[in-house]
>>> print(open('input.pdb').read())   # PDB, C-alpha atoms
ATOM      1  CA  MET Q   1      60.763 151.402  86.557
ATOM      2  CA  SER Q   2      63.401 150.368  83.997
ATOM      3  CA  GLU Q   3      64.637 152.625  81.210
ATOM      4  CA  LYS Q   4      62.765 150.445  78.718
ATOM      5  CA  ASP Q   5      59.499 150.785  80.664
ATOM      6  CA  THR Q   6      60.033 154.542  80.930
ATOM      7  CA  ALA Q   7      60.593 154.781  77.155
ATOM      8  CA  ASN Q   8      57.473 152.700  76.439
ATOM      9  CA  THR Q   9      55.395 154.826  78.794
ATOM     10  CA  LYS Q  10      56.645 158.013  77.139
ATOM     11  CA  GLU Q  11      55.937 156.618  73.646
ATOM     12  CA  LYS Q  12      52.427 155.627  74.675
ATOM     13  CA  GLN Q  13      51.846 159.062  76.222
ATOM     14  CA  ASN Q  14      52.995 160.770  73.003
ATOM     15  CA  LYS Q  15      50.567 158.675  70.969
ATOM     16  CA  TYR Q  16      47.742 159.552  73.354
ATOM     17  CA  ASP Q  17      48.620 163.256  73.141
ATOM     18  CA  GLU Q  18      48.694 163.161  69.314
ATOM     19  CA  LEU Q  19      45.342 161.379  69.275
ATOM     20  CA  ILE Q  20      43.711 163.953  71.543
ATOM     21  CA  ILE Q  21      45.153 166.936  69.641
ATOM     22  CA  ALA Q  22      44.009 165.501  66.287
ATOM     23  CA  GLN Q  23      40.474 164.874  67.572
ATOM     24  CA  GLN Q  24      40.243 168.295  69.217
ATOM     25  CA  GLU Q  25      41.199 169.888  65.882
ATOM     26  CA  ASN Q  26      38.506 167.831  64.117
ATOM     27  CA  ILE Q  27      35.882 168.924  66.623
ATOM     28  CA  LYS Q  28      36.934 172.566  66.383
ATOM     29  CA  LYS Q  29      36.776 172.440  62.576
ATOM     30  CA  LEU Q  30      33.314 170.855  62.506
ATOM     31  CA  GLU Q  31      31.939 173.215  65.162
ATOM     32  CA  LYS Q  32      33.182 176.189  63.113
ATOM     33  CA  GLU Q  33      31.508 174.829  59.960
ATOM     34  CA  ILE Q  34      28.252 174.138  61.826
ATOM     35  CA  SER Q  35      28.217 177.616  63.365
ATOM     36  CA  MET Q  36      28.876 179.301  60.009
ATOM     37  CA  LEU Q  37      26.202 177.292  58.167
ATOM     38  CA  LYS Q  38      23.624 177.712  60.927
ATOM     39  CA  LYS Q  39      24.176 181.462  61.119
ATOM     40  CA  ASN Q  40      23.824 182.014  57.360
ATOM     41  CA  ILE Q  41      20.910 179.611  56.895
ATOM     42  CA  GLU Q  42      19.058 181.379  59.704
ATOM     43  CA  LYS Q  43      19.767 184.708  57.973
ATOM     44  CA  TYR Q  44      18.435 183.249  54.718
ATOM     45  CA  SER Q  45      15.300 182.012  56.520
ATOM     46  CA  SER Q  46      14.798 185.436  58.073
ATOM     47  CA  THR Q  47      15.028 187.024  54.608
ATOM     48  CA  LEU Q  48      12.416 184.544  53.329
ATOM     49  CA  SER Q  49      10.077 185.442  56.193
ATOM     50  CA  LYS Q  50      10.394 189.132  55.345
ATOM     51  CA  SER Q  51       9.884 188.313  51.670
ATOM     52  CA  LYS Q  52       6.652 186.503  52.585
ATOM     53  CA  LYS Q  53       5.366 189.708  54.209
ATOM     54  CA  ARG Q  54       6.265 191.742  51.098
ATOM     55  CA  ASN Q  55       4.537 189.079  49.004
ATOM     56  CA  ASP Q  56       1.338 189.470  51.036
ATOM     57  CA  GLU Q  57       1.553 193.267  50.780
ATOM     58  CA  VAL Q  58       1.564 193.018  46.977
ATOM     59  CA  GLY Q  59      -1.440 190.665  47.177
ATOM     60  CA  ASN Q  60      -3.269 193.153  49.406
ATOM     61  CA  SER Q  61      -2.522 195.977  46.930
ATOM     62  CA  ILE Q  62      -4.035 193.970  44.093
ATOM     63  CA  GLU Q  63      -7.107 193.247  46.227
ATOM     64  CA  LYS Q  64      -7.638 196.987  46.657
ATOM     65  CA  ILE Q  65      -7.275 197.498  42.911
ATOM     66  CA  PHE Q  66      -9.799 194.836  41.880
ATOM     67  CA  GLU Q  67     -12.374 196.218  44.340
ATOM     68  CA  GLY Q  68     -12.867 199.116  41.915
ATOM     69  CA  GLU Q  69     -12.920 196.928  38.809
ATOM     70  CA  LYS Q  70     -15.735 195.075  37.072
ATOM     71  CA  GLY Q  71     -16.110 192.136  34.789
ATOM     72  CA  LYS Q  72     -13.413 189.693  33.639
ATOM     73  CA  PHE Q  73     -10.459 191.854  34.707
ATOM     74  CA  ARG Q  74     -11.753 191.996  38.299
ATOM     75  CA  GLU Q  75     -12.022 188.209  38.330
ATOM     76  CA  THR Q  76      -8.499 187.866  36.949
ATOM     77  CA  LEU Q  77      -7.022 190.248  39.537
ATOM     78  CA  GLU Q  78      -8.869 188.463  42.322
ATOM     79  CA  LYS Q  79      -7.444 185.100  41.246
ATOM     80  CA  PHE Q  80      -3.973 186.582  40.798
ATOM     81  CA  SER Q  81      -3.982 188.000  44.344
ATOM     82  CA  GLU Q  82      -4.969 184.533  45.619
ATOM     83  CA  ILE Q  83      -1.986 183.098  43.771
ATOM     84  CA  LEU Q  84       0.328 185.566  45.499
ATOM     85  CA  PHE Q  85      -1.096 184.635  48.903
ATOM     86  CA  ASP Q  86      -0.628 180.947  48.075
ATOM     87  CA  VAL Q  87       3.002 181.601  47.133
ATOM     88  CA  GLY Q  88       3.407 183.312  50.512
ATOM     89  CA  LYS Q  89       1.954 180.261  52.296
ATOM     90  CA  TYR Q  90       4.395 177.955  50.497
ATOM     91  CA  LYS Q  91       7.192 180.335  51.425
ATOM     92  CA  GLU Q  92       6.157 180.073  55.074
ATOM     93  CA  LYS Q  93       6.171 176.269  54.848
ATOM     94  CA  HIS Q  94       9.563 176.490  53.189
ATOM     95  CA  VAL Q  95      10.962 178.437  56.165
ATOM     96  CA  CYS Q  96       9.503 175.869  58.594
ATOM     97  CA  MET Q  97      11.047 173.035  56.580
ATOM     98  CA  ILE Q  98      14.460 174.712  56.675
ATOM     99  CA  TYR Q  99      14.296 175.004  60.469
ATOM    100  CA  ASP Q 100      12.928 171.480  60.968
ATOM    101  CA  LYS Q 101      15.174 169.602  58.553
ATOM    102  CA  VAL Q 102      18.237 171.691  57.732
ATOM    103  CA  ILE Q 103      18.839 173.203  61.167
ATOM    104  CA  GLY Q 104      17.812 169.824  62.586
ATOM    105  CA  GLU Q 105      20.604 168.071  60.664
ATOM    106  CA  LEU Q 106      23.094 170.659  61.915
ATOM    107  CA  SER Q 107      21.929 170.000  65.475
ATOM    108  CA  LEU Q 108      22.774 166.310  65.048
ATOM    109  CA  SER Q 109      26.326 167.239  64.052
ATOM    110  CA  ARG Q 110      26.586 169.519  67.074
ATOM    111  CA  CYS Q 111      25.476 166.651  69.322
ATOM    112  CA  ARG Q 112      28.227 164.477  67.850
ATOM    113  CA  CYS Q 113      30.793 167.176  68.630
ATOM    114  CA  LYS Q 114      29.595 167.223  72.239
ATOM    115  CA  GLN Q 115      29.824 163.446  72.429
ATOM    116  CA  ALA Q 116      33.338 163.479  70.940
ATOM    117  CA  THR Q 117      34.400 166.104  73.499
ATOM    118  CA  PHE Q 118      32.916 163.975  76.278
ATOM    119  CA  ASN Q 119      34.889 160.948  75.017
ATOM    120  CA  ILE Q 120      38.118 162.973  75.120
ATOM    121  CA  ASP Q 121      37.367 164.106  78.679
ATOM    122  CA  PHE Q 122      36.610 160.523  79.693
ATOM    123  CA  ALA Q 123      39.894 159.240  78.188
ATOM    124  CA  LEU Q 124      41.857 161.981  79.974
ATOM    125  CA  LYS Q 125      40.071 161.214  83.240
ATOM    126  CA  SER Q 126      40.897 157.512  82.842
ATOM    127  CA  GLN Q 127      44.526 158.375  82.155
ATOM    128  CA  LYS Q 128      44.692 160.683  85.179
ATOM    129  CA  ASP Q 129      43.160 157.967  87.329
ATOM    130  CA  GLU Q 130      45.768 155.486  86.067
ATOM    131  CA  MET Q 131      48.619 157.865  86.911
ATOM    132  CA  ARG Q 132      47.202 158.422  90.403
ATOM    133  CA  LYS Q 133      47.027 154.671  91.032
ATOM    134  CA  GLU Q 134      50.534 154.206  89.656
ATOM    135  CA  LYS Q 135      51.844 156.777  92.149
ATOM    136  CA  HIS Q 136      49.932 155.020  94.914
ATOM    137  CA  LEU Q 137      51.561 151.672  94.026
ATOM    138  CA  LYS Q 138      54.984 153.293  93.930
ATOM    139  CA  LYS Q 139      54.385 154.820  97.354
ATOM    140  CA  ILE Q 140      53.456 151.412  98.795
ATOM    141  CA  LYS Q 141      56.658 149.945  97.306
ATOM    142  CA  GLU Q 142      58.699 152.630  99.034
ATOM    143  CA  THR Q 143      56.934 152.910 102.382
ATOM    144  CA  GLU Q 144      55.390 149.456 102.937
ATOM    145  CA  PRO Q 145      57.447 146.965 100.907
ATOM    146  CA  LEU Q 146      56.563 144.029 103.158
ATOM    147  CA  ASP Q 147      52.771 144.483 102.989
ATOM    148  CA  LYS Q 148      52.145 142.032 100.137
ATOM    149  CA  GLN Q 149      48.359 142.156 100.452
ATOM    150  CA  LYS Q 150      48.251 145.927 100.148
ATOM    151  CA  PHE Q 151      50.741 145.805  97.261
ATOM    152  CA  SER Q 152      48.757 143.105  95.431
ATOM    153  CA  LYS Q 153      45.511 145.033  95.804
ATOM    154  CA  ALA Q 154      47.080 148.290  94.557
ATOM    155  CA  GLN Q 155      48.683 146.436  91.638
ATOM    156  CA  SER Q 156      45.365 144.842  90.613
ATOM    157  CA  THR Q 157      43.620 148.205  90.836
ATOM    158  CA  LEU Q 158      46.315 149.774  88.662
ATOM    159  CA  LEU Q 159      46.089 147.005  86.020
ATOM    160  CA  ALA Q 160      42.309 147.475  85.844
ATOM    161  CA  SER Q 161      42.843 151.211  85.410
ATOM    162  CA  VAL Q 162      45.425 150.613  82.637
ATOM    163  CA  VAL Q 163      42.912 148.437  80.779
ATOM    164  CA  GLU Q 164      40.227 151.115  81.186
ATOM    165  CA  THR Q 165      42.567 153.814  79.829
ATOM    166  CA  GLU Q 166      43.638 151.707  76.857
ATOM    167  CA  LYS Q 167      40.005 150.926  76.091
ATOM    168  CA  ALA Q 168      39.059 154.623  76.258
ATOM    169  CA  PHE Q 169      41.881 155.643  73.920
ATOM    170  CA  HIS Q 170      41.167 152.745  71.554
ATOM    171  CA  CYS Q 171      37.575 154.010  71.225
ATOM    172  CA  LEU Q 172      38.954 157.510  70.687
ATOM    173  CA  LYS Q 173      41.220 156.220  67.908
ATOM    174  CA  GLU Q 174      38.304 154.464  66.171
ATOM    175  CA  GLU Q 175      36.205 157.615  66.468
ATOM    176  CA  LEU Q 176      39.043 159.704  65.021
ATOM    177  CA  GLU Q 177      39.402 157.374  62.021
ATOM    178  CA  SER Q 178      35.694 157.656  61.138
ATOM    179  CA  PHE Q 179      35.166 161.280  62.227
ATOM    180  CA  ASP Q 180      35.939 162.955  58.905
ATOM    181  CA  LYS Q 181      33.819 160.510  56.906
ATOM    182  CA  GLN Q 182      30.891 161.158  59.255
ATOM    183  CA  ARG Q 183      31.528 164.899  58.967
ATOM    184  CA  VAL Q 184      31.293 164.701  55.158
ATOM    185  CA  ASP Q 185      28.151 162.531  55.370
ATOM    186  CA  GLU Q 186      26.493 164.951  57.790
ATOM    187  CA  LEU Q 187      27.328 168.054  55.741
ATOM    188  CA  ARG Q 188      26.017 166.264  52.648
ATOM    189  CA  ALA Q 189      22.776 165.493  54.517
ATOM    190  CA  VAL Q 190      22.436 169.179  55.488
ATOM    191  CA  LEU Q 191      22.897 170.354  51.894
ATOM    192  CA  LEU Q 192      20.524 167.682  50.549
ATOM    193  CA  ALA Q 193      17.853 168.748  53.046
ATOM    194  CA  PHE Q 194      18.361 172.395  52.073
ATOM    195  CA  THR Q 195      18.239 171.642  48.335
ATOM    196  CA  GLU Q 196      15.145 169.447  48.717
ATOM    197  CA  SER Q 197      13.384 172.260  50.555
ATOM    198  CA  GLU Q 198      14.392 174.765  47.868
ATOM    199  CA  LEU Q 199      13.217 172.499  45.058
ATOM    200  CA  LYS Q 200       9.833 171.912  46.678
ATOM    201  CA  TYR Q 201       9.245 175.604  47.263
ATOM    202  CA  HIS Q 202      10.413 176.808  43.851
ATOM    203  CA  SER Q 203       8.514 174.087  41.972
ATOM    204  CA  HIS Q 204       5.300 175.142  43.765
ATOM    205  CA  ALA Q 205       6.052 178.827  43.208
ATOM    206  CA  LEU Q 206       6.838 178.230  39.524
ATOM    207  CA  GLU Q 207       3.596 176.335  39.060
ATOM    208  CA  LEU Q 208       1.560 179.109  40.700
ATOM    209  CA  TYR Q 209       3.312 181.979  38.913
ATOM    210  CA  SER Q 210       2.976 180.154  35.575
ATOM    211  CA  ARG Q 211      -0.757 179.853  36.193
ATOM    212  CA  GLY Q 212      -0.942 183.577  37.058
ATOM    213  CA  PHE Q 213       1.150 184.524  34.008
ATOM    214  CA  ASN Q 214      -1.035 182.540  31.598
ATOM    215  CA  MET Q 215      -4.171 183.898  33.216
ATOM    216  CA  LEU Q 216      -3.030 187.523  32.827
ATOM    217  CA  ARG Q 217      -1.905 186.946  29.248
ATOM    218  CA  GLN Q 218      -5.239 185.287  28.378
ATOM    219  CA  ASN Q 219      -7.123 188.176  29.961
ATOM    220  CA  GLY Q 220      -5.157 190.603  27.787
ATOM    221  CA  LYS Q 221      -6.215 188.721  24.669
ATOM    222  CA  LEU Q 222      -9.838 188.781  25.767
ATOM    223  CA  VAL Q 223      -9.695 192.519  26.449
ATOM    224  CA  GLY Q 224      -7.946 193.131  23.145
TER     225      GLY Q 224
END
>>> encode(input="input.pdb", output="structure tokens")
Amino acid sequence: MSEKDTANTKEKQNKYDELIIAQQENIKKLEKEISMLKKNIEKYSSTLSKSKKRNDEVGNSIEKIFEGEKGKFRETLEKFSEILFDVGKYKEKHVCMIYDKVIGELSLSRCRCKQATFNIDFALKSQKDEMRKEKHLKKIKETEPLDKQKFSKAQSTLLASVVETEKAFHCLKEELESFDKQRVDELRAVLLAFTESELKYHSHALELYSRGFNMLRQNGKLVG
């Protein structure tokens, strides 16, 4: 191999190394963000589940109170306890939606990280295979220089391996160039799913609590 070929091979290897390091850093960054979000969203969901239980406990307390009441106030308390139970049901649906949609979106990002890692491993495997075939060709040159058929076959195999390696690293380069944009799009999708879930729950809860508030206020006027 000439000095020029050696320099070209080294330059190509450096580019491959830079590509792999950059993509590994991207994957590591996204995996860290996914893990952090997933952990805290699951904590938030757990808090909501506990809050639903507390919500039902308040509803049960009001049920016990209205059992000893009569007239309009009993009816008002009965309806108000139903409102609290309904809020709890919406809260439960809210938790399910967070797991189905928000955690689901995070799972998609995690799958992409796994695929990106697989692509790196495949590129490295292709490169290793190319180097092995290059050594094999060199060995034939040194030990069996007159066996043209064996040399030709080894050379063809090496060229095919070079093409495979270049193809693998070209795909890796394209993936690297679009990785951050996809990362931003995926994180945006996670936050949109979370916000949509929050809006649906709080709009339902606001509607129910507003109904309960007006009902209690109206009952106070009737009593007065």
>>> axis_aligned_box(input="input.pdb", around="stretch 145-148 of chain Q", padding_each_side="4 Å", output="lines of an AutoDock Vina configuration file")
center_x = 54.8
center_y = 144.5
center_z = 101.6
size_x = 13.3
size_y = 12.9
size_z = 11.0
>>> residues_around(input="input.pdb", residues="Q:Leu192", least_positions_apart="6", cutoff="12 Å", atoms="only C-alpha atoms", output="PyMOL selection string")
chain Q and resi 98+101-102+105+185-186+198-199
>>> closest_atom_pairs(input="input.pdb", of="stretch 7-109 of chain Q", to="stretch 118-135 of chain Q", cutoff="10 Å", atoms="all atoms listed in the file", output="JSON lines")
{"residue": "Q:Gln13", "atom": "CA", "partner": "Q:Gln127", "partner_atom": "CA", "distance": 9.4}
{"residue": "Q:Tyr16", "atom": "CA", "partner": "Q:Leu124", "partner_atom": "CA", "distance": 9.2}
{"residue": "Q:Asp17", "atom": "CA", "partner": "Q:Leu124", "partner_atom": "CA", "distance": 9.7}
{"residue": "Q:Leu19", "atom": "CA", "partner": "Q:Ile120", "partner_atom": "CA", "distance": 9.4}
{"residue": "Q:Ile20", "atom": "CA", "partner": "Q:Ile120", "partner_atom": "CA", "distance": 6.7}
{"residue": "Q:Ile21", "atom": "CA", "partner": "Q:Ile120", "partner_atom": "CA", "distance": 9.8}
{"residue": "Q:Gln23", "atom": "CA", "partner": "Q:Ile120", "partner_atom": "CA", "distance": 8.1}
{"residue": "Q:Gln24", "atom": "CA", "partner": "Q:Ile120", "partner_atom": "CA", "distance": 8.2}
>>> closest_residue(input="input.pdb", among="Q:Glu82, Q:Glu42, Q:Glu18, Q:Glu166", to="Q:Val58", atoms="only C-alpha atoms")
Q:Glu82
>>> closest_residue(input="input.pdb", among="Q:Ser109, Q:Thr9, Q:Thr195, Q:Ser81", to="Q:Gly212", atoms="all atoms listed in the file")
Q:Ser81
>>> closest_residue(input="input.pdb", among="Q:Glu78, Q:Glu11, Q:Glu92, Q:Glu67", to="Q:Thr47", atoms="all atoms listed in the file")
Q:Glu92
>>> closest_residue(input="input.pdb", among="Q:Lys138, Q:Arg112, Q:Lys173, Q:His202", to="Q:Tyr90", atoms="all atoms listed in the file")
Q:His202
>>> atom_distance(input="input.pdb", atom1="atom CA of Q:Ser46", atom2="atom CA of Q:Met97")
13.0 Å
>>> closest_residue(input="input.pdb", among="Q:His204, Q:Val163, Q:Gln115, Q:Lys28", to="Q:Lys89", atoms="all atoms listed in the file")
Q:His204
>>> residues_around(input="input.pdb", residues="Q:Glu75", least_positions_apart="5", cutoff="12 Å", atoms="all atoms listed in the file", output="JSON, numbers by chain")
{"Q": [62, 63, 65, 66, 67, 68, 69, 70, 80, 81, 82, 215, 216, 219]}
>>> residues_around(input="input.pdb", residues="stretch 154-156 of chain Q", least_positions_apart="3", cutoff="10 Å", atoms="all atoms listed in the file", output="MDAnalysis selection string")
chainID Q and resid 133:134 136:138 140 148:151 159:162
>>> resolve_selection(input="input.pdb", expression="the PyMOL selection byres ((chain Q and resi 55) around 8)", output="number ranges by chain")
Q: 51-54, 56-59, 84-85, 87-88
>>> decode(input="input.pdb", residues="stretch 28-41 of chain Q", atoms="all heavy atoms", output="mmCIF file, in the first residue's frame")
data_model
loop_
_atom_site.group_PDB
_atom_site.id
_atom_site.type_symbol
_atom_site.label_atom_id
_atom_site.label_comp_id
_atom_site.auth_asym_id
_atom_site.auth_seq_id
_atom_site.Cartn_x
_atom_site.Cartn_y
_atom_site.Cartn_z
ATOM 1 N N LYS Q 28 -26.738 8.845 23.749
ATOM 2 C CA LYS Q 28 -26.592 8.965 25.203
ATOM 3 C C LYS Q 28 -27.415 10.142 25.748
ATOM 4 O O LYS Q 28 -28.082 10.032 26.781
ATOM 5 C CB LYS Q 28 -25.113 9.161 25.550
ATOM 6 C CG LYS Q 28 -24.818 9.131 27.034
ATOM 7 C CD LYS Q 28 -23.317 9.265 27.292
ATOM 8 C CE LYS Q 28 -23.015 9.263 28.784
ATOM 9 N NZ LYS Q 28 -21.552 9.420 29.037
ATOM 10 N N LYS Q 29 -27.378 11.260 25.028
ATOM 11 C CA LYS Q 29 -28.120 12.449 25.442
ATOM 12 C C LYS Q 29 -29.622 12.191 25.428
ATOM 13 O O LYS Q 29 -30.332 12.511 26.394
ATOM 14 C CB LYS Q 29 -27.789 13.609 24.503
ATOM 15 C CG LYS Q 29 -28.524 14.905 24.830
ATOM 16 C CD LYS Q 29 -28.166 15.995 23.820
ATOM 17 C CE LYS Q 29 -28.923 17.284 24.122
ATOM 18 N NZ LYS Q 29 -28.617 18.341 23.124
ATOM 19 N N LEU Q 30 -30.113 11.588 24.337
ATOM 20 C CA LEU Q 30 -31.548 11.320 24.226
ATOM 21 C C LEU Q 30 -32.005 10.295 25.250
ATOM 22 O O LEU Q 30 -33.070 10.446 25.864
ATOM 23 C CB LEU Q 30 -31.883 10.836 22.806
ATOM 24 C CG LEU Q 30 -33.368 10.558 22.511
ATOM 25 C CD1 LEU Q 30 -34.230 11.775 22.839
ATOM 26 C CD2 LEU Q 30 -33.564 10.133 21.063
ATOM 27 N N GLU Q 31 -31.209 9.252 25.468
ATOM 28 C CA GLU Q 31 -31.567 8.233 26.459
ATOM 29 C C GLU Q 31 -31.657 8.839 27.862
ATOM 30 O O GLU Q 31 -32.540 8.476 28.652
ATOM 31 C CB GLU Q 31 -30.544 7.100 26.444
ATOM 32 C CG GLU Q 31 -30.703 6.162 25.266
ATOM 33 C CD GLU Q 31 -29.688 5.035 25.255
ATOM 34 O OE1 GLU Q 31 -28.587 5.226 25.805
ATOM 35 O OE2 GLU Q 31 -29.983 3.969 24.691
ATOM 36 N N LYS Q 32 -30.755 9.773 28.170
ATOM 37 C CA LYS Q 32 -30.776 10.449 29.468
ATOM 38 C C LYS Q 32 -32.046 11.286 29.612
ATOM 39 O O LYS Q 32 -32.695 11.279 30.665
ATOM 40 C CB LYS Q 32 -29.541 11.347 29.602
ATOM 41 C CG LYS Q 32 -29.405 12.001 30.962
ATOM 42 C CD LYS Q 32 -28.133 12.840 31.044
ATOM 43 C CE LYS Q 32 -28.009 13.521 32.397
ATOM 44 N NZ LYS Q 32 -26.780 14.360 32.485
ATOM 45 N N GLU Q 33 -32.415 11.997 28.549
ATOM 46 C CA GLU Q 33 -33.628 12.829 28.577
ATOM 47 C C GLU Q 33 -34.878 11.960 28.718
ATOM 48 O O GLU Q 33 -35.787 12.285 29.489
ATOM 49 C CB GLU Q 33 -33.711 13.656 27.285
ATOM 50 C CG GLU Q 33 -32.660 14.742 27.198
ATOM 51 C CD GLU Q 33 -32.581 15.396 25.837
ATOM 52 O OE1 GLU Q 33 -33.091 14.823 24.852
ATOM 53 O OE2 GLU Q 33 -31.992 16.488 25.743
ATOM 54 N N ILE Q 34 -34.910 10.849 27.978
ATOM 55 C CA ILE Q 34 -36.057 9.934 28.048
ATOM 56 C C ILE Q 34 -36.203 9.371 29.451
ATOM 57 O O ILE Q 34 -37.296 9.336 30.021
ATOM 58 C CB ILE Q 34 -35.889 8.771 27.038
ATOM 59 C CG1 ILE Q 34 -36.000 9.287 25.608
ATOM 60 C CG2 ILE Q 34 -36.942 7.690 27.276
ATOM 61 C CD1 ILE Q 34 -35.570 8.271 24.563
ATOM 62 N N SER Q 35 -35.086 8.918 30.020
ATOM 63 C CA SER Q 35 -35.096 8.323 31.357
ATOM 64 C C SER Q 35 -35.581 9.322 32.406
ATOM 65 O O SER Q 35 -36.398 8.978 33.275
ATOM 66 C CB SER Q 35 -33.686 7.831 31.701
ATOM 67 O OG SER Q 35 -33.658 7.284 32.986
ATOM 68 N N MET Q 36 -35.097 10.557 32.308
ATOM 69 C CA MET Q 36 -35.477 11.600 33.267
ATOM 70 C C MET Q 36 -36.965 11.920 33.164
ATOM 71 O O MET Q 36 -37.677 11.984 34.173
ATOM 72 C CB MET Q 36 -34.649 12.861 33.004
ATOM 73 C CG MET Q 36 -34.987 14.033 33.915
ATOM 74 S SD MET Q 36 -33.952 15.484 33.558
ATOM 75 C CE MET Q 36 -34.473 15.868 31.877
ATOM 76 N N LEU Q 37 -37.445 12.108 31.928
ATOM 77 C CA LEU Q 37 -38.865 12.427 31.713
ATOM 78 C C LEU Q 37 -39.761 11.282 32.180
ATOM 79 O O LEU Q 37 -40.759 11.501 32.864
ATOM 80 C CB LEU Q 37 -39.119 12.709 30.240
ATOM 81 C CG LEU Q 37 -39.003 14.157 29.775
ATOM 82 C CD1 LEU Q 37 -39.141 14.244 28.265
ATOM 83 C CD2 LEU Q 37 -40.041 15.044 30.449
ATOM 84 N N LYS Q 38 -39.399 10.071 31.786
ATOM 85 C CA LYS Q 38 -40.206 8.896 32.136
ATOM 86 C C LYS Q 38 -40.311 8.738 33.648
ATOM 87 O O LYS Q 38 -41.402 8.513 34.194
ATOM 88 C CB LYS Q 38 -39.591 7.640 31.517
ATOM 89 C CG LYS Q 38 -40.441 6.381 31.691
ATOM 90 C CD LYS Q 38 -39.818 5.232 30.900
ATOM 91 C CE LYS Q 38 -40.688 3.984 31.002
ATOM 92 N NZ LYS Q 38 -40.715 3.387 32.333
ATOM 93 N N LYS Q 39 -39.186 8.880 34.328
ATOM 94 C CA LYS Q 39 -39.151 8.739 35.778
ATOM 95 C C LYS Q 39 -40.060 9.759 36.457
ATOM 96 O O LYS Q 39 -40.862 9.413 37.338
ATOM 97 C CB LYS Q 39 -37.712 8.916 36.275
ATOM 98 C CG LYS Q 39 -37.548 8.801 37.778
ATOM 99 C CD LYS Q 39 -36.105 9.044 38.178
ATOM 100 C CE LYS Q 39 -35.927 9.025 39.681
ATOM 101 N NZ LYS Q 39 -34.525 9.305 40.083
ATOM 102 N N ASN Q 40 -39.978 11.018 36.047
ATOM 103 C CA ASN Q 40 -40.755 12.074 36.705
ATOM 104 C C ASN Q 40 -42.227 12.059 36.309
ATOM 105 O O ASN Q 40 -43.102 12.386 37.130
ATOM 106 C CB ASN Q 40 -40.130 13.435 36.400
ATOM 107 C CG ASN Q 40 -38.823 13.635 37.147
ATOM 108 O OD1 ASN Q 40 -38.747 13.469 38.348
ATOM 109 N ND2 ASN Q 40 -37.761 13.961 36.427
ATOM 110 N N ILE Q 41 -42.522 11.667 35.073
ATOM 111 C CA ILE Q 41 -43.922 11.553 34.658
ATOM 112 C C ILE Q 41 -44.590 10.395 35.377
ATOM 113 O O ILE Q 41 -45.768 10.480 35.767
ATOM 114 C CB ILE Q 41 -44.030 11.405 33.124
ATOM 115 C CG1 ILE Q 41 -43.686 12.745 32.450
ATOM 116 C CG2 ILE Q 41 -45.441 10.988 32.711
ATOM 117 C CD1 ILE Q 41 -43.574 12.689 30.947
#
